[in-house]
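**Q** Contents of target_1.cif (mmCIF, N, CA and C atoms):
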data_final
loop_
_atom_site.label_atom_id
_atom_site.label_comp_id
_atom_site.auth_asym_id
_atom_site.auth_seq_id
_atom_site.Cartn_x
_atom_site.Cartn_y
_atom_site.Cartn_z
N MET A 146 -25.76 -4.38 0.92
CA MET A 146 -25.05 -4.52 -0.34
C MET A 146 -24.59 -3.14 -0.81
N ILE A 147 -23.36 -3.07 -1.27
CA ILE A 147 -22.79 -1.84 -1.79
C ILE A 147 -22.87 -1.92 -3.31
N SER A 148 -23.73 -1.13 -3.89
CA SER A 148 -23.91 -1.24 -5.33
C SER A 148 -23.11 -0.16 -6.06
N ALA A 149 -22.70 -0.50 -7.25
CA ALA A 149 -22.00 0.41 -8.15
C ALA A 149 -20.70 0.96 -7.58
N MET A 150 -20.06 0.17 -6.73
CA MET A 150 -18.76 0.58 -6.18
C MET A 150 -17.75 -0.53 -6.36
N ASP A 151 -16.50 -0.13 -6.49
CA ASP A 151 -15.40 -1.08 -6.53
C ASP A 151 -14.71 -1.08 -5.17
N CYS A 152 -13.93 -2.10 -4.93
CA CYS A 152 -13.09 -2.18 -3.74
C CYS A 152 -11.65 -2.36 -4.22
N VAL A 153 -10.76 -1.53 -3.71
CA VAL A 153 -9.34 -1.59 -4.06
C VAL A 153 -8.58 -2.03 -2.83
N LEU A 154 -7.89 -3.16 -2.91
CA LEU A 154 -7.14 -3.71 -1.79
C LEU A 154 -5.64 -3.45 -2.01
N LEU A 155 -5.03 -2.68 -1.13
CA LEU A 155 -3.60 -2.36 -1.24
C LEU A 155 -2.82 -3.16 -0.21
N HIS A 156 -1.90 -3.95 -0.69
CA HIS A 156 -1.10 -4.81 0.20
C HIS A 156 0.02 -4.03 0.87
N GLY A 157 0.65 -4.68 1.82
CA GLY A 157 1.78 -4.08 2.53
C GLY A 157 3.10 -4.46 1.88
N TRP A 158 4.17 -3.94 2.46
CA TRP A 158 5.50 -4.20 1.94
C TRP A 158 5.96 -5.58 2.39
N GLY A 159 6.61 -6.31 1.53
CA GLY A 159 7.10 -7.63 1.88
C GLY A 159 6.15 -8.74 1.46
N VAL A 160 4.97 -8.38 0.98
CA VAL A 160 4.02 -9.35 0.45
C VAL A 160 3.53 -8.84 -0.90
N THR A 161 2.71 -9.61 -1.57
CA THR A 161 2.16 -9.19 -2.85
C THR A 161 0.64 -9.13 -2.75
N TYR A 162 0.01 -8.80 -3.83
CA TYR A 162 -1.46 -8.75 -3.89
C TYR A 162 -2.07 -10.10 -3.52
N LYS A 163 -1.32 -11.17 -3.60
CA LYS A 163 -1.84 -12.51 -3.30
C LYS A 163 -2.25 -12.66 -1.84
N VAL A 164 -1.77 -11.76 -0.99
CA VAL A 164 -2.14 -11.81 0.42
C VAL A 164 -3.65 -11.64 0.61
N TRP A 165 -4.32 -11.05 -0.38
CA TRP A 165 -5.76 -10.79 -0.30
C TRP A 165 -6.62 -11.95 -0.82
N GLN A 166 -6.04 -13.00 -1.37
CA GLN A 166 -6.83 -14.05 -2.03
C GLN A 166 -7.94 -14.62 -1.16
N GLY A 167 -7.65 -14.98 0.05
CA GLY A 167 -8.68 -15.53 0.94
C GLY A 167 -9.70 -14.49 1.36
N PHE A 168 -9.25 -13.27 1.50
CA PHE A 168 -10.11 -12.17 1.92
C PHE A 168 -11.12 -11.81 0.82
N VAL A 169 -10.66 -11.80 -0.43
CA VAL A 169 -11.51 -11.43 -1.56
C VAL A 169 -12.75 -12.31 -1.63
N LYS A 170 -12.59 -13.58 -1.33
CA LYS A 170 -13.71 -14.53 -1.39
C LYS A 170 -14.82 -14.19 -0.39
N LYS A 171 -14.46 -13.44 0.64
CA LYS A 171 -15.43 -13.10 1.68
C LYS A 171 -16.14 -11.76 1.42
N LEU A 172 -15.67 -11.01 0.44
CA LEU A 172 -16.27 -9.72 0.13
C LEU A 172 -17.42 -9.90 -0.85
N ASN A 173 -18.54 -9.33 -0.52
CA ASN A 173 -19.72 -9.39 -1.39
C ASN A 173 -20.23 -7.98 -1.63
N GLY A 174 -20.91 -7.79 -2.71
CA GLY A 174 -21.61 -6.54 -2.93
C GLY A 174 -20.87 -5.50 -3.74
N PHE A 175 -19.60 -5.67 -3.97
CA PHE A 175 -18.87 -4.72 -4.81
C PHE A 175 -18.97 -5.17 -6.26
N ASP A 176 -18.98 -4.18 -7.16
CA ASP A 176 -18.98 -4.52 -8.59
C ASP A 176 -17.69 -5.23 -8.98
N ASN A 177 -16.57 -4.68 -8.53
CA ASN A 177 -15.26 -5.25 -8.84
C ASN A 177 -14.38 -5.15 -7.60
N ILE A 178 -13.50 -6.11 -7.45
CA ILE A 178 -12.50 -6.07 -6.40
C ILE A 178 -11.15 -6.06 -7.09
N LEU A 179 -10.42 -4.97 -6.88
CA LEU A 179 -9.13 -4.79 -7.52
C LEU A 179 -8.03 -5.05 -6.51
N THR A 180 -7.05 -5.85 -6.90
CA THR A 180 -5.92 -6.15 -6.03
C THR A 180 -4.63 -5.85 -6.80
N PRO A 181 -4.33 -4.57 -6.99
CA PRO A 181 -3.14 -4.23 -7.77
C PRO A 181 -1.86 -4.63 -7.05
N CYS A 182 -0.85 -4.99 -7.81
CA CYS A 182 0.46 -5.27 -7.25
C CYS A 182 1.23 -3.95 -7.17
N LEU A 183 1.48 -3.49 -5.98
CA LEU A 183 2.15 -2.20 -5.81
C LEU A 183 3.57 -2.20 -6.37
N TYR A 184 4.21 -3.35 -6.42
CA TYR A 184 5.56 -3.43 -6.99
C TYR A 184 5.51 -3.19 -8.49
N ASP A 185 4.52 -3.78 -9.16
CA ASP A 185 4.35 -3.55 -10.60
C ASP A 185 4.01 -2.10 -10.89
N ILE A 186 3.14 -1.53 -10.07
CA ILE A 186 2.77 -0.13 -10.25
C ILE A 186 3.98 0.77 -10.03
N SER A 187 4.80 0.43 -9.05
CA SER A 187 6.01 1.21 -8.79
C SER A 187 6.94 1.19 -10.00
N LYS A 188 7.06 0.04 -10.64
CA LYS A 188 7.91 -0.07 -11.84
C LYS A 188 7.38 0.79 -12.98
N LYS A 189 6.06 0.95 -13.09
CA LYS A 189 5.43 1.74 -14.15
C LYS A 189 5.46 3.23 -13.84
N SER A 190 5.66 3.59 -12.57
CA SER A 190 5.61 4.99 -12.15
C SER A 190 6.84 5.74 -12.63
N LYS A 191 6.67 7.05 -12.81
CA LYS A 191 7.80 7.90 -13.21
C LYS A 191 8.84 7.99 -12.10
N GLY A 192 8.39 8.04 -10.88
CA GLY A 192 9.28 8.08 -9.73
C GLY A 192 9.01 6.87 -8.85
N LYS A 193 9.81 6.71 -7.82
CA LYS A 193 9.65 5.56 -6.93
C LYS A 193 8.99 5.93 -5.61
N GLY A 194 8.69 7.21 -5.42
CA GLY A 194 8.07 7.66 -4.18
C GLY A 194 6.60 7.30 -4.12
N PHE A 195 6.02 7.44 -2.92
CA PHE A 195 4.61 7.11 -2.72
C PHE A 195 3.68 7.95 -3.58
N ARG A 196 4.02 9.25 -3.76
CA ARG A 196 3.16 10.12 -4.59
C ARG A 196 3.12 9.63 -6.02
N SER A 197 4.25 9.25 -6.55
CA SER A 197 4.31 8.78 -7.92
C SER A 197 3.54 7.47 -8.08
N VAL A 198 3.69 6.57 -7.13
CA VAL A 198 2.95 5.31 -7.17
C VAL A 198 1.45 5.59 -7.06
N ALA A 199 1.07 6.49 -6.17
CA ALA A 199 -0.35 6.84 -6.03
C ALA A 199 -0.90 7.46 -7.31
N SER A 200 -0.11 8.30 -7.95
CA SER A 200 -0.55 8.92 -9.21
C SER A 200 -0.79 7.86 -10.28
N THR A 201 0.12 6.92 -10.41
CA THR A 201 -0.06 5.83 -11.38
C THR A 201 -1.27 4.98 -11.01
N LEU A 202 -1.41 4.67 -9.74
CA LEU A 202 -2.54 3.87 -9.27
C LEU A 202 -3.87 4.58 -9.51
N SER A 203 -3.90 5.89 -9.36
CA SER A 203 -5.15 6.64 -9.51
C SER A 203 -5.75 6.46 -10.91
N LYS A 204 -4.92 6.21 -11.89
CA LYS A 204 -5.40 6.03 -13.27
C LYS A 204 -6.16 4.72 -13.45
N THR A 205 -6.00 3.79 -12.51
CA THR A 205 -6.70 2.50 -12.62
C THR A 205 -8.06 2.52 -11.93
N ILE A 206 -8.32 3.56 -11.16
CA ILE A 206 -9.60 3.66 -10.44
C ILE A 206 -10.60 4.37 -11.33
N LYS A 207 -11.53 3.60 -11.85
CA LYS A 207 -12.46 4.10 -12.86
C LYS A 207 -13.81 4.53 -12.30
N LYS A 208 -14.15 4.07 -11.10
CA LYS A 208 -15.47 4.39 -10.54
C LYS A 208 -15.37 4.54 -9.03
N ASP A 209 -16.46 4.95 -8.40
CA ASP A 209 -16.46 5.12 -6.95
C ASP A 209 -15.93 3.85 -6.28
N SER A 210 -15.03 4.05 -5.31
CA SER A 210 -14.33 2.92 -4.72
C SER A 210 -14.12 3.09 -3.22
N VAL A 211 -14.04 1.96 -2.56
CA VAL A 211 -13.58 1.88 -1.18
C VAL A 211 -12.18 1.28 -1.25
N VAL A 212 -11.23 1.92 -0.57
CA VAL A 212 -9.85 1.43 -0.55
C VAL A 212 -9.60 0.80 0.81
N VAL A 213 -9.09 -0.43 0.79
CA VAL A 213 -8.66 -1.10 2.02
C VAL A 213 -7.14 -1.17 1.92
N ALA A 214 -6.45 -0.53 2.86
CA ALA A 214 -4.99 -0.41 2.78
C ALA A 214 -4.35 -1.04 4.01
N TRP A 215 -3.45 -1.95 3.75
CA TRP A 215 -2.75 -2.66 4.82
C TRP A 215 -1.31 -2.16 4.91
N SER A 216 -0.86 -1.88 6.10
CA SER A 216 0.51 -1.51 6.38
C SER A 216 0.96 -0.33 5.51
N ILE A 217 2.05 -0.50 4.79
CA ILE A 217 2.58 0.61 4.00
C ILE A 217 1.66 0.99 2.84
N GLY A 218 0.73 0.11 2.48
CA GLY A 218 -0.29 0.47 1.49
C GLY A 218 -1.10 1.66 1.97
N GLY A 219 -1.17 1.87 3.28
CA GLY A 219 -1.87 3.01 3.85
C GLY A 219 -1.21 4.34 3.48
N LEU A 220 0.12 4.35 3.38
CA LEU A 220 0.82 5.57 2.99
C LEU A 220 0.50 5.92 1.54
N ILE A 221 0.37 4.91 0.72
CA ILE A 221 -0.01 5.15 -0.68
C ILE A 221 -1.46 5.64 -0.73
N ALA A 222 -2.33 5.02 0.07
CA ALA A 222 -3.74 5.43 0.10
C ALA A 222 -3.87 6.90 0.51
N LEU A 223 -3.08 7.34 1.49
CA LEU A 223 -3.14 8.74 1.92
C LEU A 223 -2.78 9.69 0.79
N ARG A 224 -1.86 9.28 -0.07
CA ARG A 224 -1.47 10.13 -1.19
C ARG A 224 -2.42 9.98 -2.38
N LEU A 225 -3.18 8.91 -2.39
CA LEU A 225 -4.15 8.65 -3.45
C LEU A 225 -5.41 9.50 -3.28
N ILE A 226 -5.82 9.73 -2.05
CA ILE A 226 -7.07 10.43 -1.75
C ILE A 226 -7.21 11.76 -2.49
N PRO A 227 -6.21 12.64 -2.45
CA PRO A 227 -6.41 13.93 -3.13
C PRO A 227 -6.32 13.87 -4.66
N LEU A 228 -5.95 12.73 -5.20
CA LEU A 228 -5.76 12.61 -6.65
C LEU A 228 -7.03 12.24 -7.42
N THR A 229 -8.07 11.83 -6.71
CA THR A 229 -9.29 11.41 -7.38
C THR A 229 -10.50 11.64 -6.47
N THR A 230 -11.61 11.94 -7.08
CA THR A 230 -12.86 12.08 -6.31
C THR A 230 -13.59 10.75 -6.21
N LYS A 231 -13.01 9.71 -6.77
CA LYS A 231 -13.66 8.40 -6.79
C LYS A 231 -13.45 7.59 -5.52
N ILE A 232 -12.56 8.03 -4.64
CA ILE A 232 -12.34 7.34 -3.36
C ILE A 232 -13.42 7.81 -2.39
N LYS A 233 -14.30 6.91 -2.01
CA LYS A 233 -15.41 7.25 -1.11
C LYS A 233 -15.11 6.90 0.34
N ALA A 234 -14.17 5.98 0.56
CA ALA A 234 -13.78 5.61 1.92
C ALA A 234 -12.44 4.91 1.87
N VAL A 235 -11.69 5.04 2.95
CA VAL A 235 -10.43 4.31 3.10
C VAL A 235 -10.48 3.60 4.44
N ILE A 236 -10.15 2.33 4.41
CA ILE A 236 -10.09 1.52 5.62
C ILE A 236 -8.63 1.12 5.80
N PHE A 237 -8.05 1.48 6.95
CA PHE A 237 -6.65 1.18 7.22
C PHE A 237 -6.57 -0.05 8.12
N ILE A 238 -5.72 -0.99 7.72
CA ILE A 238 -5.48 -2.19 8.52
C ILE A 238 -4.00 -2.21 8.89
N ALA A 239 -3.72 -2.17 10.19
CA ALA A 239 -2.33 -2.20 10.68
C ALA A 239 -1.47 -1.21 9.91
N SER A 240 -1.96 -0.01 9.79
CA SER A 240 -1.24 1.04 9.06
C SER A 240 -1.09 2.25 9.97
N THR A 241 -0.20 3.11 9.60
CA THR A 241 0.04 4.33 10.35
C THR A 241 0.33 5.45 9.36
N PRO A 242 -0.06 6.68 9.66
CA PRO A 242 0.23 7.77 8.74
C PRO A 242 1.71 8.16 8.73
N CYS A 243 2.49 7.62 9.64
CA CYS A 243 3.92 7.94 9.71
C CYS A 243 4.67 6.71 10.20
N PHE A 244 5.67 6.27 9.45
CA PHE A 244 6.44 5.10 9.82
C PHE A 244 7.78 5.45 10.47
N ILE A 245 8.09 6.75 10.58
CA ILE A 245 9.38 7.17 11.12
C ILE A 245 9.19 7.82 12.49
N ASN A 246 10.03 7.40 13.45
CA ASN A 246 9.98 7.99 14.78
C ASN A 246 10.21 9.50 14.72
N LYS A 247 9.38 10.23 15.44
CA LYS A 247 9.53 11.68 15.61
C LYS A 247 9.23 11.98 17.07
N LYS A 248 9.54 13.19 17.48
CA LYS A 248 9.30 13.57 18.87
C LYS A 248 7.84 13.34 19.25
N GLU A 249 6.93 13.73 18.38
CA GLU A 249 5.50 13.60 18.66
C GLU A 249 4.88 12.31 18.12
N TRP A 250 5.72 11.44 17.53
CA TRP A 250 5.20 10.21 16.93
C TRP A 250 6.24 9.12 17.14
N SER A 251 6.16 8.42 18.24
CA SER A 251 7.19 7.44 18.57
C SER A 251 6.68 6.01 18.38
N ASN A 252 7.53 5.08 18.68
CA ASN A 252 7.22 3.65 18.62
C ASN A 252 7.03 3.13 17.20
N VAL A 253 7.70 3.74 16.24
CA VAL A 253 7.73 3.18 14.89
C VAL A 253 9.18 2.95 14.52
N ILE A 254 9.65 3.33 13.36
CA ILE A 254 11.00 2.98 12.90
C ILE A 254 11.93 4.19 12.97
N GLN A 255 13.16 3.97 13.44
CA GLN A 255 14.16 5.03 13.42
C GLN A 255 14.48 5.36 11.96
N LYS A 256 14.68 6.65 11.65
CA LYS A 256 14.92 7.07 10.27
C LYS A 256 16.13 6.37 9.66
N ASN A 257 17.21 6.21 10.42
CA ASN A 257 18.40 5.55 9.86
C ASN A 257 18.11 4.09 9.50
N LYS A 258 17.26 3.42 10.26
CA LYS A 258 16.90 2.03 9.94
C LYS A 258 16.06 1.97 8.67
N LEU A 259 15.16 2.93 8.50
CA LEU A 259 14.36 2.97 7.28
C LEU A 259 15.23 3.29 6.07
N ASP A 260 16.21 4.19 6.24
CA ASP A 260 17.15 4.49 5.16
C ASP A 260 17.96 3.25 4.79
N GLU A 261 18.40 2.50 5.79
CA GLU A 261 19.13 1.25 5.53
C GLU A 261 18.26 0.27 4.76
N LEU A 262 17.00 0.18 5.14
CA LEU A 262 16.06 -0.72 4.46
C LEU A 262 15.88 -0.30 3.01
N LYS A 263 15.72 1.01 2.76
CA LYS A 263 15.55 1.51 1.39
C LYS A 263 16.81 1.23 0.56
N ASN A 264 18.00 1.46 1.13
CA ASN A 264 19.24 1.19 0.41
C ASN A 264 19.40 -0.29 0.10
N SER A 265 19.09 -1.10 1.08
CA SER A 265 19.16 -2.55 0.89
C SER A 265 18.20 -3.01 -0.20
N PHE A 266 17.01 -2.41 -0.21
CA PHE A 266 16.00 -2.77 -1.22
C PHE A 266 16.49 -2.42 -2.62
N SER A 267 17.14 -1.27 -2.77
CA SER A 267 17.61 -0.88 -4.10
C SER A 267 18.76 -1.76 -4.57
N GLU A 268 19.52 -2.33 -3.64
CA GLU A 268 20.64 -3.19 -4.00
C GLU A 268 20.23 -4.64 -4.21
N ASN A 269 19.28 -5.12 -3.42
CA ASN A 269 18.87 -6.52 -3.48
C ASN A 269 17.41 -6.62 -3.06
N ALA A 270 16.49 -6.29 -3.98
CA ALA A 270 15.07 -6.22 -3.65
C ALA A 270 14.54 -7.56 -3.14
N LYS A 271 14.84 -8.63 -3.83
CA LYS A 271 14.30 -9.94 -3.46
C LYS A 271 14.79 -10.37 -2.07
N GLY A 272 16.08 -10.23 -1.83
CA GLY A 272 16.63 -10.61 -0.54
C GLY A 272 16.09 -9.75 0.59
N THR A 273 15.95 -8.45 0.33
CA THR A 273 15.42 -7.54 1.34
C THR A 273 13.97 -7.87 1.67
N LEU A 274 13.17 -8.14 0.65
CA LEU A 274 11.77 -8.51 0.89
C LEU A 274 11.67 -9.82 1.67
N ARG A 275 12.54 -10.77 1.35
CA ARG A 275 12.53 -12.05 2.07
C ARG A 275 12.88 -11.81 3.54
N ASN A 276 13.89 -10.99 3.79
CA ASN A 276 14.29 -10.67 5.16
C ASN A 276 13.17 -9.93 5.89
N PHE A 277 12.57 -8.95 5.24
CA PHE A 277 11.49 -8.17 5.84
C PHE A 277 10.31 -9.07 6.17
N SER A 278 9.96 -9.97 5.25
CA SER A 278 8.84 -10.90 5.47
C SER A 278 9.10 -11.77 6.70
N GLY A 279 10.36 -12.18 6.87
CA GLY A 279 10.72 -12.96 8.04
C GLY A 279 10.56 -12.17 9.33
N LEU A 280 10.91 -10.88 9.28
CA LEU A 280 10.76 -10.03 10.47
C LEU A 280 9.28 -9.85 10.82
N VAL A 281 8.45 -9.66 9.79
CA VAL A 281 7.02 -9.46 10.02
C VAL A 281 6.39 -10.73 10.57
N ALA A 282 6.78 -11.88 10.01
CA ALA A 282 6.22 -13.15 10.45
C ALA A 282 6.63 -13.44 11.88
#
Let me see whether you can do it: turn the structure in this file into structure tokens.
**A**
Amino acid sequence: MISAMDCVLLHGWGVTYKVWQGFVKKLNGFDNILTPCLYDISKKSKGKGFRSVASTLSKTIKKDSVVVAWSIGGLIALRLIPLTTKIKAVIFIASTPCFINKKEWSNVIQKNKLDELKNSFSENAKGTLRNFSGLVA
């Protein structure tokens, strides 16, 4: 049993915090299980980048916590770690520290495709998320 700790579950892009509903029921021993909606946090953030989202998210972490980060939630978790001493562990699920192809980091997304995705998202967020969810599925 993990006493006096919270668990923060960060979802991936194209889904919401609801993706954790079945998983939350299986977690025992944490004082609280937090499933923030990263889209809502992004709207509250001063900027739209991962650092800004992580900064806003850090204000919701009140006690020692384990962060479970799925997919792009892992990039936010990486930026969250230096912002608080309350993160005691991070567990990455299907995440990578870099989503853009580089010479030393291949087999992820070409930068121009990620730029297209970001532009599409700013023009039609709902349609882009629906399309992305279909690609993931």
**Q** With DSSP run on the backbone, what are the helix (DSSP H, G or I) residues within chain A? I'd like them as a compact mmCIF listing (two decimals) with N, CA and C atoms, keeping the file's coordinate frame.
**A**
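Output file out39.txt is given in full below:
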# COMPACT_ATOMS: atom_id res chain seq x y z
N TYR A 162 0.01 -8.80 -3.83
CA TYR A 162 -1.46 -8.75 -3.89
C TYR A 162 -2.07 -10.10 -3.52
N LYS A 163 -1.32 -11.17 -3.60
CA LYS A 163 -1.84 -12.51 -3.30
C LYS A 163 -2.25 -12.66 -1.84
N VAL A 164 -1.77 -11.76 -0.99
CA VAL A 164 -2.14 -11.81 0.42
C VAL A 164 -3.65 -11.64 0.61
N TRP A 165 -4.32 -11.05 -0.38
CA TRP A 165 -5.76 -10.79 -0.30
C TRP A 165 -6.62 -11.95 -0.82
N GLN A 166 -6.04 -13.00 -1.37
CA GLN A 166 -6.83 -14.05 -2.03
C GLN A 166 -7.94 -14.62 -1.16
N GLY A 167 -7.65 -14.98 0.05
CA GLY A 167 -8.68 -15.53 0.94
C GLY A 167 -9.70 -14.49 1.36
N PHE A 168 -9.25 -13.27 1.50
CA PHE A 168 -10.11 -12.17 1.92
C PHE A 168 -11.12 -11.81 0.82
N VAL A 169 -10.66 -11.80 -0.43
CA VAL A 169 -11.51 -11.43 -1.56
C VAL A 169 -12.75 -12.31 -1.63
N LEU A 183 1.48 -3.49 -5.98
CA LEU A 183 2.15 -2.20 -5.81
C LEU A 183 3.57 -2.20 -6.37
N TYR A 184 4.21 -3.35 -6.42
CA TYR A 184 5.56 -3.43 -6.99
C TYR A 184 5.51 -3.19 -8.49
N ASP A 185 4.52 -3.78 -9.16
CA ASP A 185 4.35 -3.55 -10.60
C ASP A 185 4.01 -2.10 -10.89
N ILE A 186 3.14 -1.53 -10.07
CA ILE A 186 2.77 -0.13 -10.25
C ILE A 186 3.98 0.77 -10.03
N SER A 187 4.80 0.43 -9.05
CA SER A 187 6.01 1.21 -8.79
C SER A 187 6.94 1.19 -10.00
N LYS A 188 7.06 0.04 -10.64
CA LYS A 188 7.91 -0.07 -11.84
C LYS A 188 7.38 0.79 -12.98
N LYS A 189 6.06 0.95 -13.09
CA LYS A 189 5.43 1.74 -14.15
C LYS A 189 5.46 3.23 -13.84
N PHE A 195 6.02 7.44 -2.92
CA PHE A 195 4.61 7.11 -2.72
C PHE A 195 3.68 7.95 -3.58
N ARG A 196 4.02 9.25 -3.76
CA ARG A 196 3.16 10.12 -4.59
C ARG A 196 3.12 9.63 -6.02
N SER A 197 4.25 9.25 -6.55
CA SER A 197 4.31 8.78 -7.92
C SER A 197 3.54 7.47 -8.08
N VAL A 198 3.69 6.57 -7.13
CA VAL A 198 2.95 5.31 -7.17
C VAL A 198 1.45 5.59 -7.06
N ALA A 199 1.07 6.49 -6.17
CA ALA A 199 -0.35 6.84 -6.03
C ALA A 199 -0.90 7.46 -7.31
N SER A 200 -0.11 8.30 -7.95
CA SER A 200 -0.55 8.92 -9.21
C SER A 200 -0.79 7.86 -10.28
N THR A 201 0.12 6.92 -10.41
CA THR A 201 -0.06 5.83 -11.38
C THR A 201 -1.27 4.98 -11.01
N LEU A 202 -1.41 4.67 -9.74
CA LEU A 202 -2.54 3.87 -9.27
C LEU A 202 -3.87 4.58 -9.51
N SER A 203 -3.90 5.89 -9.36
CA SER A 203 -5.15 6.64 -9.51
C SER A 203 -5.75 6.46 -10.91
N GLY A 218 0.73 0.11 2.48
CA GLY A 218 -0.29 0.47 1.49
C GLY A 218 -1.10 1.66 1.97
N GLY A 219 -1.17 1.87 3.28
CA GLY A 219 -1.87 3.01 3.85
C GLY A 219 -1.21 4.34 3.48
N LEU A 220 0.12 4.35 3.38
CA LEU A 220 0.82 5.57 2.99
C LEU A 220 0.50 5.92 1.54
N ILE A 221 0.37 4.91 0.72
CA ILE A 221 -0.01 5.15 -0.68
C ILE A 221 -1.46 5.64 -0.73
N ALA A 222 -2.33 5.02 0.07
CA ALA A 222 -3.74 5.43 0.10
C ALA A 222 -3.87 6.90 0.51
N LEU A 223 -3.08 7.34 1.49
CA LEU A 223 -3.14 8.74 1.92
C LEU A 223 -2.78 9.69 0.79
N ARG A 224 -1.86 9.28 -0.07
CA ARG A 224 -1.47 10.13 -1.19
C ARG A 224 -2.42 9.98 -2.38
N LEU A 225 -3.18 8.91 -2.39
CA LEU A 225 -4.15 8.65 -3.45
C LEU A 225 -5.41 9.50 -3.28
N ILE A 226 -5.82 9.73 -2.05
CA ILE A 226 -7.07 10.43 -1.75
C ILE A 226 -7.21 11.76 -2.49
N PRO A 227 -6.21 12.64 -2.45
CA PRO A 227 -6.41 13.93 -3.13
C PRO A 227 -6.32 13.87 -4.66
N LEU A 228 -5.95 12.73 -5.20
CA LEU A 228 -5.76 12.61 -6.65
C LEU A 228 -7.03 12.24 -7.42
N LYS A 256 14.68 6.65 11.65
CA LYS A 256 14.92 7.07 10.27
C LYS A 256 16.13 6.37 9.66
N ASN A 257 17.21 6.21 10.42
CA ASN A 257 18.40 5.55 9.86
C ASN A 257 18.11 4.09 9.50
N LYS A 258 17.26 3.42 10.26
CA LYS A 258 16.90 2.03 9.94
C LYS A 258 16.06 1.97 8.67
N LEU A 259 15.16 2.93 8.50
CA LEU A 259 14.36 2.97 7.28
C LEU A 259 15.23 3.29 6.07
N ASP A 260 16.21 4.19 6.24
CA ASP A 260 17.15 4.49 5.16
C ASP A 260 17.96 3.25 4.79
N GLU A 261 18.40 2.50 5.79
CA GLU A 261 19.13 1.25 5.53
C GLU A 261 18.26 0.27 4.76
N LEU A 262 17.00 0.18 5.14
CA LEU A 262 16.06 -0.72 4.46
C LEU A 262 15.88 -0.30 3.01
N LYS A 263 15.72 1.01 2.76
CA LYS A 263 15.55 1.51 1.39
C LYS A 263 16.81 1.23 0.56
N ASN A 264 18.00 1.46 1.13
CA ASN A 264 19.24 1.19 0.41
C ASN A 264 19.40 -0.29 0.10
N SER A 265 19.09 -1.10 1.08
CA SER A 265 19.16 -2.55 0.89
C SER A 265 18.20 -3.01 -0.20
N PHE A 266 17.01 -2.41 -0.21
CA PHE A 266 16.00 -2.77 -1.22
C PHE A 266 16.49 -2.42 -2.62
N SER A 267 17.14 -1.27 -2.77
CA SER A 267 17.61 -0.88 -4.10
C SER A 267 18.76 -1.76 -4.57
N GLU A 268 19.52 -2.33 -3.64
CA GLU A 268 20.64 -3.19 -4.00
C GLU A 268 20.23 -4.64 -4.21
N ALA A 270 16.49 -6.29 -3.98
CA ALA A 270 15.07 -6.22 -3.65
C ALA A 270 14.54 -7.56 -3.14
N LYS A 271 14.84 -8.63 -3.83
CA LYS A 271 14.30 -9.94 -3.46
C LYS A 271 14.79 -10.37 -2.07
N GLY A 272 16.08 -10.23 -1.83
CA GLY A 272 16.63 -10.61 -0.54
C GLY A 272 16.09 -9.75 0.59
N THR A 273 15.95 -8.45 0.33
CA THR A 273 15.42 -7.54 1.34
C THR A 273 13.97 -7.87 1.67
N LEU A 274 13.17 -8.14 0.65
CA LEU A 274 11.77 -8.51 0.89
C LEU A 274 11.67 -9.82 1.67
N ARG A 275 12.54 -10.77 1.35
CA ARG A 275 12.53 -12.05 2.07
C ARG A 275 12.88 -11.81 3.54
N ASN A 276 13.89 -10.99 3.79
CA ASN A 276 14.29 -10.67 5.16
C ASN A 276 13.17 -9.93 5.89
N PHE A 277 12.57 -8.95 5.24
CA PHE A 277 11.49 -8.17 5.84
C PHE A 277 10.31 -9.07 6.17
N SER A 278 9.96 -9.97 5.25
CA SER A 278 8.84 -10.90 5.47
C SER A 278 9.10 -11.77 6.70
N GLY A 279 10.36 -12.18 6.87
CA GLY A 279 10.72 -12.96 8.04
C GLY A 279 10.56 -12.17 9.33
N LEU A 280 10.91 -10.88 9.28
CA LEU A 280 10.76 -10.03 10.47
C LEU A 280 9.28 -9.85 10.82
N VAL A 281 8.45 -9.66 9.79
CA VAL A 281 7.02 -9.46 10.02
C VAL A 281 6.39 -10.73 10.57
**Q** Take the point (-11.1, 0.4, 5.9) as written in the file and pick out every residue within 6.5 Å of it, counting only N, CA and C atoms; give the list as a tab-separated table (two decimals) with N, CA and C atoms, in the frame of the given file.
**A**
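Below is the file that was written, part-v3.tsv:
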chain	number	residue	atom	x	y	z
A	212	VAL	N	-11.23	1.92	-0.57
A	212	VAL	CA	-9.85	1.43	-0.55
A	212	VAL	C	-9.60	0.80	0.81
A	213	VAL	N	-9.09	-0.43	0.79
A	213	VAL	CA	-8.66	-1.10	2.02
A	213	VAL	C	-7.14	-1.17	1.92
A	214	ALA	N	-6.45	-0.53	2.86
A	214	ALA	CA	-4.99	-0.41	2.78
A	214	ALA	C	-4.35	-1.04	4.01
A	234	ALA	N	-14.17	5.98	0.56
A	234	ALA	CA	-13.78	5.61	1.92
A	234	ALA	C	-12.44	4.91	1.87
A	235	VAL	N	-11.69	5.04	2.95
A	235	VAL	CA	-10.43	4.31	3.10
A	235	VAL	C	-10.48	3.60	4.44
A	236	ILE	N	-10.15	2.33	4.41
A	236	ILE	CA	-10.09	1.52	5.62
A	236	ILE	C	-8.63	1.12	5.80
A	237	PHE	N	-8.05	1.48	6.95
A	237	PHE	CA	-6.65	1.18	7.22
A	237	PHE	C	-6.57	-0.05	8.12
A	238	ILE	N	-5.72	-0.99	7.72
A	238	ILE	CA	-5.48	-2.19	8.52
A	238	ILE	C	-4.00	-2.21	8.89
**Q** Could you tell me, as number ranges by chain, exactly which residues end up selected when the PyMOL selection byres ((chain A and resi 219-223) around 8) is applied to this structure?
**A** A: 155-158, 194-196, 198-200, 212-218, 224-228, 235-243
**Q** Find the distance between CA of Lys191 (chain A) and CA of Ser265 (chain A) and write it in Å to one decimal.
**A** 20.9 Å
**Q** One decimal, in Å: what's the spacing between CA of Leu183 (chain A) and CA of Leu202 (chain A)?
**A** 8.4 Å
**Q** Which distance in Å separates CA of Lys207 (chain A) and CA of Thr230 (chain A), to one decimal?
**A**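 About the pair CA of Lys207 (chain A) and CA of Thr230 (chain A): they are 10.3 Å apart.
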